[in-house]
Structure formats: structure tokens, C-alpha cells
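Reading through the C-alpha cells given below for one structure.
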Amino acid sequence: MSLSDADRAAVAVLRASVLKLSRRLRNQRADETLSPTQLSVLTILVARGAMTPGELARHEKVQPPSMTRVIAGLEERGLVRRDPHPEDRRQITVTATEPAAEVVAESRRLGNAWLAAHLEALTEEELAALRAAVPVLERLAQL
């Protein structure tokens, strides 16, 4: 399918809007001392369970040495623990701790509350359009 000029213009506006909204939501976190990358790593670990540093680096699209530093900082704060890999003793797995799960849950709550408060400014027609767009945005995020 070929995009029209109007579609290309909409793409530019959508990209800028999604980036701005994402940035604003990322700022709604329970622990302001955590970097967005640290919070992202915790969110992944809470959702998916233990992972190797290499798996985390690939998921976050960073180099392994960078992920090693992120993990070390989180471990120092008691938010993750390192354990021997169950199948390969040359590796380790990284697991989120209970305090990490609490930080992730509170950050989600804050982000949801921020977004809900801002949705109140929309008209019913805008809310209906947003509800209709949610499945499309989810599909785009999965591509």
C-alpha cells in the first residue's frame, strides 16, 4: 500500500505526538532517581521473570557493558538480584525483587492516573476516537 501525502503528514504528527506523550508518561515514575532505562529493565523483569544480562541488553537495544552497569546499579539498590543460571553455570540470571515490583506497580499507577486526569479534558467525541484507535496503536506497537 502506498501512502498519500496526507497520510505521510499524519505519520509525522503521530510520531511527534507519541514521542511527546511517551516522554511525559515516563516522567510519572515512583522513584525519580531511577533512569528511564533502569525502570524499563525493572518493568521487563517484573513482567517476564528472570533473564540473562544478554537477553536484557538485546531487549533494551543496548550494548552488554551498558546493561552490566544498569544491573549493577539496580542490584546496589536492592531492586534486582543475580543468581546462577539454572542450565549454564557460566551465566547468571537477573531477577526483580519485591521492592522492584512495588516501584513498577506504583509507577504504572502514577502514569495511569496522569493519563486519566488528562483524558478528562477531552470531549466525548475525542474519547470515542481514542477508544477506537487503541487497538490500532496496540497493533502498531507489536509490529
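By order in the C-alpha cells, chains are A, B, ...; within a chain, residues start at 1; ligands start at 1, following the order shown.
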
List the spatial neighbours of range 108-125 of chain A as an mmCIF file with C-alpha atoms, in the first residue's frame - criterion: any atom at most 6 Å away, only C-alpha atoms, same-chain residues fewer than 3 positions off excluded.
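Written file, around.cif:
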data_model
loop_
_atom_site.group_PDB
_atom_site.id
_atom_site.type_symbol
_atom_site.label_atom_id
_atom_site.label_comp_id
_atom_site.auth_asym_id
_atom_site.auth_seq_id
_atom_site.Cartn_x
_atom_site.Cartn_y
_atom_site.Cartn_z
ATOM 1 C CA LEU A 25 4.332 9.287 30.807
ATOM 2 C CA GLN A 28 5.423 9.740 36.001
ATOM 3 C CA ALA A 105 3.341 -1.053 40.194
ATOM 4 C CA ALA A 128 -14.642 7.762 21.328
#

Which polymer residues have any atom within 10 Å of an atom of Gly54 in chain A, counting only C-alpha atoms, with same-chain residues fewer than 6 positions away left out, as a PDB file with N, CA and C atoms, in the first residue's frame?
ATOM      1  N   GLU A  60      16.534  -4.220  25.385  1.00  0.00           N
ATOM      2  CA  GLU A  60      16.643  -2.764  25.531  1.00  0.00           C
ATOM      3  C   GLU A  60      17.439  -2.105  24.414  1.00  0.00           C
ATOM      4  N   VAL A  62      20.701  -2.144  23.869  1.00  0.00           N
ATOM      5  CA  VAL A  62      21.937  -1.516  24.362  1.00  0.00           C
ATOM      6  C   VAL A  62      23.046  -2.557  24.314  1.00  0.00           C
ATOM      7  N   GLN A  63      24.261  -2.094  24.426  1.00  0.00           N
ATOM      8  CA  GLN A  63      25.408  -2.994  24.436  1.00  0.00           C
ATOM      9  C   GLN A  63      25.501  -3.692  25.792  1.00  0.00           C
ATOM     10  N   PRO A  64      25.991  -4.943  25.815  1.00  0.00           N
ATOM     11  CA  PRO A  64      26.109  -5.672  27.093  1.00  0.00           C
ATOM     12  C   PRO A  64      26.846  -4.919  28.198  1.00  0.00           C
ATOM     13  N   PRO A  65      27.958  -4.205  27.908  1.00  0.00           N
ATOM     14  CA  PRO A  65      28.607  -3.480  29.012  1.00  0.00           C
ATOM     15  C   PRO A  65      27.692  -2.418  29.640  1.00  0.00           C
ATOM     16  N   MET A  67      24.407  -2.637  29.833  1.00  0.00           N
ATOM     17  CA  MET A  67      23.431  -3.361  30.648  1.00  0.00           C
ATOM     18  C   MET A  67      24.069  -3.825  31.951  1.00  0.00           C
ATOM     19  N   THR A  68      25.324  -4.224  31.905  1.00  0.00           N
ATOM     20  CA  THR A  68      26.025  -4.647  33.117  1.00  0.00           C
ATOM     21  C   THR A  68      26.028  -3.511  34.142  1.00  0.00           C
ATOM     22  N   GLN A  91      26.797 -18.483  33.090  1.00  0.00           N
ATOM     23  CA  GLN A  91      25.955 -17.292  33.007  1.00  0.00           C
ATOM     24  C   GLN A  91      25.245 -17.044  34.331  1.00  0.00           C
ATOM     25  N   ILE A  92      24.615 -15.873  34.386  1.00  0.00           N
ATOM     26  CA  ILE A  92      23.762 -15.541  35.526  1.00  0.00           C
ATOM     27  C   ILE A  92      22.392 -15.145  35.001  1.00  0.00           C
ATOM     28  N   THR A  93      21.431 -15.153  35.889  1.00  0.00           N
ATOM     29  CA  THR A  93      20.131 -14.567  35.575  1.00  0.00           C
ATOM     30  C   THR A  93      19.906 -13.400  36.528  1.00  0.00           C
TER      31      THR A  93
END

Apply DSSP to the backbone of this structure and, from chain A, keep only the residues in strand (DSSP E); write these as a PyMOL selection string. chain A and resi 80-84+92-96

Going by DSSP on the backbone, which residues of chain A come out as helix (DSSP H, G or I)? List them as a VMD selection string. chain A and resid 5 to 26 36 to 48 53 to 60 64 to 76 98 to 119 124 to 142

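For Ile71 in chain A, the non-local neighbours within 9 Å, defined as residues at least 4 positions apart in the same chain or in other chains and counting only C-alpha atoms, are Gln38, Val41, Pro53, Ser66, Met67, Glu75, Glu76, Val80, Arg81, Arg82 and Val94 of chain A.
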
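Nearest-residue note for Gly49 in chain A: choosing from A:Ser107, A:Thr97, A:Gln142, A:Ser2, the minimum distance belongs to A:Thr97, counting only C-alpha atoms.
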
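Using only C-alpha atoms, the smallest distance between any of A:Ala50, A:Arg69, A:Glu102, A:Ala141 and Pro84 in chain A comes from A:Ala50.
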
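Using only C-alpha atoms for every distance, the candidate list A:Ala96, A:Ala6, A:Leu140, A:Val18 yields A:Ala96 as the residue closest to Asp83 in chain A.
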
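The spacing separating CA of Leu19 in chain A from CA of Ala72 in chain A amounts to 28.6 Å.
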
Nearest candidate to Pro99 in chain A (options A:Ala30, A:Ala132, A:Ala9, A:Val70; using only C-alpha atoms): A:Ala30

So, counting only C-alpha atoms, which residue among A:Gly73, A:Pro86, A:Pro135, A:Gly78 is closest to Leu34 in chain A?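 Looking only at the distances to Leu34 in chain A, the closest residue turns out to be A:Gly73.
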
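CA of Arg58 in chain A lies 13.4 Å from CA of Leu45 in chain A.
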